[in-house]
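*Asks:* If you scroll down you'll find the structure; I have some questions about it.
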Amino acid sequence: MNKVQNLIPQFVEKFFKSCEIDDRINKYSLFLIRQDGVVLYHNNKQQGNALTKSSIGALLGGVWQASKALSDFIPQTQESKQAEHSFGEEFRLSFDTSSKGVYIVPLKILDEELFLGLIYFDEVNPGSIKSKTRELALKLSESLETQIKSQNTHKSVEGKKINDFLFDDITDAEMDHLFSFGK
Amino acid sequence: MSFVNYVTKEVNCKIVYYGPGLGGKTTNIQYVYQKTSGDHKGNMITLNTENERTLFFDFLPLDLGEIRGFKTRFHLYTVPGQVFYEASRKLILRGVDGVVFVADSQVERMEANLESMKSLEKNLLEQGYDIEKIPFVIQWNKRDLPNTTSVKDLSKALNKWGVPEFEASAVKGNGVFDTLKSISKLVLMNLKSGLN
């Protein structure tokens with residue numbers, strides 16, 4: 001884990017506080033997740049607690065990873081790679097009918113890949129909301145990059161360094177306390 | 001890849017249950033799910049075949065509560081054990097913080113255990129992890145069955161690193177929480193602050 005990864009949640013929060021998300025997509029469940037499925041943002045349009053959202057994050061992450069692994073079987077030449085790169089072509093993932101579905105768009109933030117996922121239904125114009133989701137992903141990506149670049153100094157929290165352990169020592173009593181949730 | 005969110009004061013960690021097919025990985029997390037009260041667990045996701053064999057992964061999010069002001073959230077995953085799902089196992093190991101190897105203690109499953117352990121070592125290496133450095137524990141499951149290999153022999157064959165090991169009968173719940181508690185502690189103590 002590096003410094004940038006720690007800063008991303010606060011930058012994400014800042015972005016979504018200041019950004020007015022288009023109502024056409026904000027009425028559906030919108031998630032921003034990390035590659036490992038950890039949820040960084042959700043717009044609370046889906047019923048359920050934070051743990052239900054964790055499950056959705058894991059599924060969004062899993063389906064993306066599986067699809068990406070499958071895409072490795074697509075033959076690619078050096079020319080086609082270059083063409084994709086120059087046109088800014090990125091994979092998107094869509095699982096849908098004509099009115100409902102799941103749509104995932106990746107964002108590359110320095111070394112880390114994040115995913116914006118939209119779960120929608122009863123939609124008369126899915127093409128339009130997919131386009132809005134891509135626009136939002138682009139805005140978010142630009143905002144995060146700007147914020148990261150402008151962050152020259154980072155305040156120390158509790159004097160810990162990058163390679164310090166977060167918990168120096170954990171006692172058995174603390175572990176027992178953590179595991180006291182059983183029925 | 002553990003994740004410390006200083007905005008929400010949350011720690012997210014990923015634990016993967018690895019091991020041979022039908023060894024009891026899913027049973028482990030099903031038991032945890034059954035014995036965990038509602039506020040602390042989310043939906044258990046299972047992506048199964050028609051025969052209830054794990055196809056992609058099982059997933060259980062657990063909220064363990066607070067430690068030194070940080071909410072701790074563990075994501076438990078199982079991999080599909082059957083040999084031909086190797087590609088899926090590699091994907092699930094990405095970003096892992098701790099591994100539980102669930103070995104099947106039955107004599108006739110020794111070969112499958114060895115093969116699975118070899119695959120774990122190789123797949124971790126491919127993802128950039130050293131099995132000697134990552135938080136790792138082994139569970140000798142199905143100790144309640146007749147015809148089991150002795151723990152001493154299992155240990156000799158499968159635990160060359162001397163990592164913590166636990167006897168268990170996941171179907172009865174014996175050893176399930178001891179295993180989880182041990183790997184959780186190792187994972188938490190391995191977390192880096194990531195700050196400067």
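In the structure tokens, chains take letters A, B, ... by order of appearance, with residues numbered from 1 within each chain and ligands from 1 in the order shown.
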Near chain A, meaning an atom within 8 Å, which residues of chain B appear when counting only C-alpha atoms? Write them as a ChimeraX atom specification.
*Replies:* /B:1-7,12,35-37,40-45,59-67,88,91-92,94-95,181,185,188-196
*Asks:* Since we have the selection now, will you write its residues out, keeping C-alpha atoms, as a PDB file, in the first residue's frame?
*Replies:*
```pdb
ATOM      1  CA  MET B   1      -4.141  -5.834  -0.970  1.00  0.00           C
ATOM      2  CA  SER B   2      -5.318  -4.564   2.379  1.00  0.00           C
ATOM      3  CA  PHE B   3      -6.836  -1.145   2.440  1.00  0.00           C
ATOM      4  CA  VAL B   4      -6.733   1.342   5.277  1.00  0.00           C
ATOM      5  CA  ASN B   5      -9.281   4.092   4.754  1.00  0.00           C
ATOM      6  CA  TYR B   6      -8.286   6.967   7.026  1.00  0.00           C
ATOM      7  CA  VAL B   7     -11.390   8.957   6.014  1.00  0.00           C
ATOM      8  CA  ASN B  12     -10.445  -3.885   4.719  1.00  0.00           C
ATOM      9  CA  LYS B  35     -22.658 -18.499  13.680  1.00  0.00           C
ATOM     10  CA  THR B  36     -22.344 -14.793  13.086  1.00  0.00           C
ATOM     11  CA  SER B  37     -25.087 -12.473  14.209  1.00  0.00           C
ATOM     12  CA  HIS B  40     -21.721  -8.400  11.671  1.00  0.00           C
ATOM     13  CA  LYS B  41     -22.209 -10.230   8.396  1.00  0.00           C
ATOM     14  CA  GLY B  42     -23.385  -9.398   4.906  1.00  0.00           C
ATOM     15  CA  ASN B  43     -24.915 -11.587   2.252  1.00  0.00           C
ATOM     16  CA  MET B  44     -22.955 -14.696   1.524  1.00  0.00           C
ATOM     17  CA  ILE B  45     -22.411 -14.874  -2.197  1.00  0.00           C
ATOM     18  CA  PHE B  59     -17.722 -14.521  -0.618  1.00  0.00           C
ATOM     19  CA  LEU B  60     -18.607 -13.492   2.908  1.00  0.00           C
ATOM     20  CA  PRO B  61     -18.077  -9.949   4.214  1.00  0.00           C
ATOM     21  CA  LEU B  62     -17.580  -9.797   7.973  1.00  0.00           C
ATOM     22  CA  ASP B  63     -17.590  -6.739  10.196  1.00  0.00           C
ATOM     23  CA  LEU B  64     -15.503  -7.684  13.193  1.00  0.00           C
ATOM     24  CA  GLY B  65     -15.866  -4.462  15.128  1.00  0.00           C
ATOM     25  CA  GLU B  66     -13.260  -1.943  16.188  1.00  0.00           C
ATOM     26  CA  ILE B  67      -9.640  -2.288  17.043  1.00  0.00           C
ATOM     27  CA  SER B  88     -10.257 -18.676 -11.484  1.00  0.00           C
ATOM     28  CA  LEU B  91      -7.839 -14.309 -10.160  1.00  0.00           C
ATOM     29  CA  ILE B  92      -9.159 -14.745  -6.644  1.00  0.00           C
ATOM     30  CA  ARG B  94      -5.138 -11.141  -6.499  1.00  0.00           C
ATOM     31  CA  GLY B  95      -4.844  -8.666  -3.667  1.00  0.00           C
ATOM     32  CA  LYS B 181      -8.975 -15.865  14.444  1.00  0.00           C
ATOM     33  CA  LYS B 185      -4.491 -11.694  13.781  1.00  0.00           C
ATOM     34  CA  LEU B 188      -3.909  -7.302  11.078  1.00  0.00           C
ATOM     35  CA  MET B 189      -0.385  -7.398  12.458  1.00  0.00           C
ATOM     36  CA  ASN B 190       0.978  -7.390   8.922  1.00  0.00           C
ATOM     37  CA  LEU B 191      -0.892  -4.212   7.906  1.00  0.00           C
ATOM     38  CA  LYS B 192       1.296  -1.303   6.923  1.00  0.00           C
ATOM     39  CA  SER B 193       0.188   2.186   7.806  1.00  0.00           C
ATOM     40  CA  GLY B 194       1.022   3.470   4.310  1.00  0.00           C
ATOM     41  CA  LEU B 195       1.597   6.975   5.591  1.00  0.00           C
ATOM     42  CA  ASN B 196       4.512   9.288   5.764  1.00  0.00           C
TER      43      ASN B 196
END
```
*Asks:* So which residues of range 46-92 of chain B fall under helix (DSSP H, G or I) by DSSP, listed as a list in words?
*Replies:* Val83, Phe84, Tyr85, Glu86, Ala87, Ser88, Arg89, Lys90, Leu91 and Ile92 of chain B
*Asks:* Quick one: DSSP strand (DSSP E) residues in range 30-155 of chain B, as a PyMOL selection string?
*Replies:* chain B and resi 45-48+54-67+70-78+98-104+136-141
*Asks:* Any chance you could export the current selection's C-alpha atoms as a short mmCIF file (atom, residue, chain, number, x, y, z; two decimals), in the first residue's frame?
*Replies:*
```cif
data_model
loop_
_atom_site.label_atom_id
_atom_site.label_comp_id
_atom_site.auth_asym_id
_atom_site.auth_seq_id
_atom_site.Cartn_x
_atom_site.Cartn_y
_atom_site.Cartn_z
CA ILE B 45 -22.41 -14.87 -2.20
CA THR B 46 -21.93 -18.30 -3.73
CA LEU B 47 -21.24 -18.83 -7.40
CA ASN B 48 -21.88 -22.56 -7.74
CA THR B 54 -17.85 -23.77 -6.25
CA LEU B 55 -17.64 -22.40 -9.78
CA PHE B 56 -15.94 -19.06 -9.25
CA PHE B 57 -15.88 -18.08 -5.59
CA ASP B 58 -17.83 -17.86 -2.33
CA PHE B 59 -17.72 -14.52 -0.62
CA LEU B 60 -18.61 -13.49 2.91
CA PRO B 61 -18.08 -9.95 4.21
CA LEU B 62 -17.58 -9.80 7.97
CA ASP B 63 -17.59 -6.74 10.20
CA LEU B 64 -15.50 -7.68 13.19
CA GLY B 65 -15.87 -4.46 15.13
CA GLU B 66 -13.26 -1.94 16.19
CA ILE B 67 -9.64 -2.29 17.04
CA PHE B 70 -10.41 1.30 13.25
CA LYS B 71 -13.42 -0.64 12.04
CA THR B 72 -12.16 -3.97 10.76
CA ARG B 73 -13.85 -5.50 7.76
CA PHE B 74 -12.77 -8.90 6.49
CA HIS B 75 -13.69 -10.27 3.09
CA LEU B 76 -13.57 -14.06 3.11
CA TYR B 77 -13.25 -15.76 -0.26
CA THR B 78 -13.00 -19.41 -1.22
CA GLY B 98 -3.90 -13.87 4.12
CA VAL B 99 -4.38 -17.49 3.10
CA VAL B 100 -6.00 -20.42 4.88
CA PHE B 101 -5.12 -23.74 3.31
CA VAL B 102 -7.89 -26.23 4.07
CA ALA B 103 -6.41 -29.70 3.76
CA ASP B 104 -8.54 -32.83 3.60
CA PHE B 136 -0.66 -18.10 6.10
CA VAL B 137 -2.21 -20.85 8.25
CA ILE B 138 -3.16 -24.46 7.55
CA GLN B 139 -6.27 -26.29 8.69
CA TRP B 140 -6.37 -30.09 8.89
CA ASN B 141 -10.04 -30.57 8.16
#
```
*Asks:* Do you have the CA of Gly175 in chain B-CA of Lys25 in chain B distance handy?
*Replies:*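 Atom-to-atom, CA of Gly175 in chain B to CA of Lys25 in chain B, that is 12.7 Å.
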*Asks:* Give the answer as one residue: which of A:Asn26, A:Ser99, A:Asn43, A:Gln76 has the shortest atom-to-atom distance to Gly127 in chain A, using only C-alpha atoms?
*Replies:*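 Closest to Gly127 in chain A of all the choices is A:Ser99.
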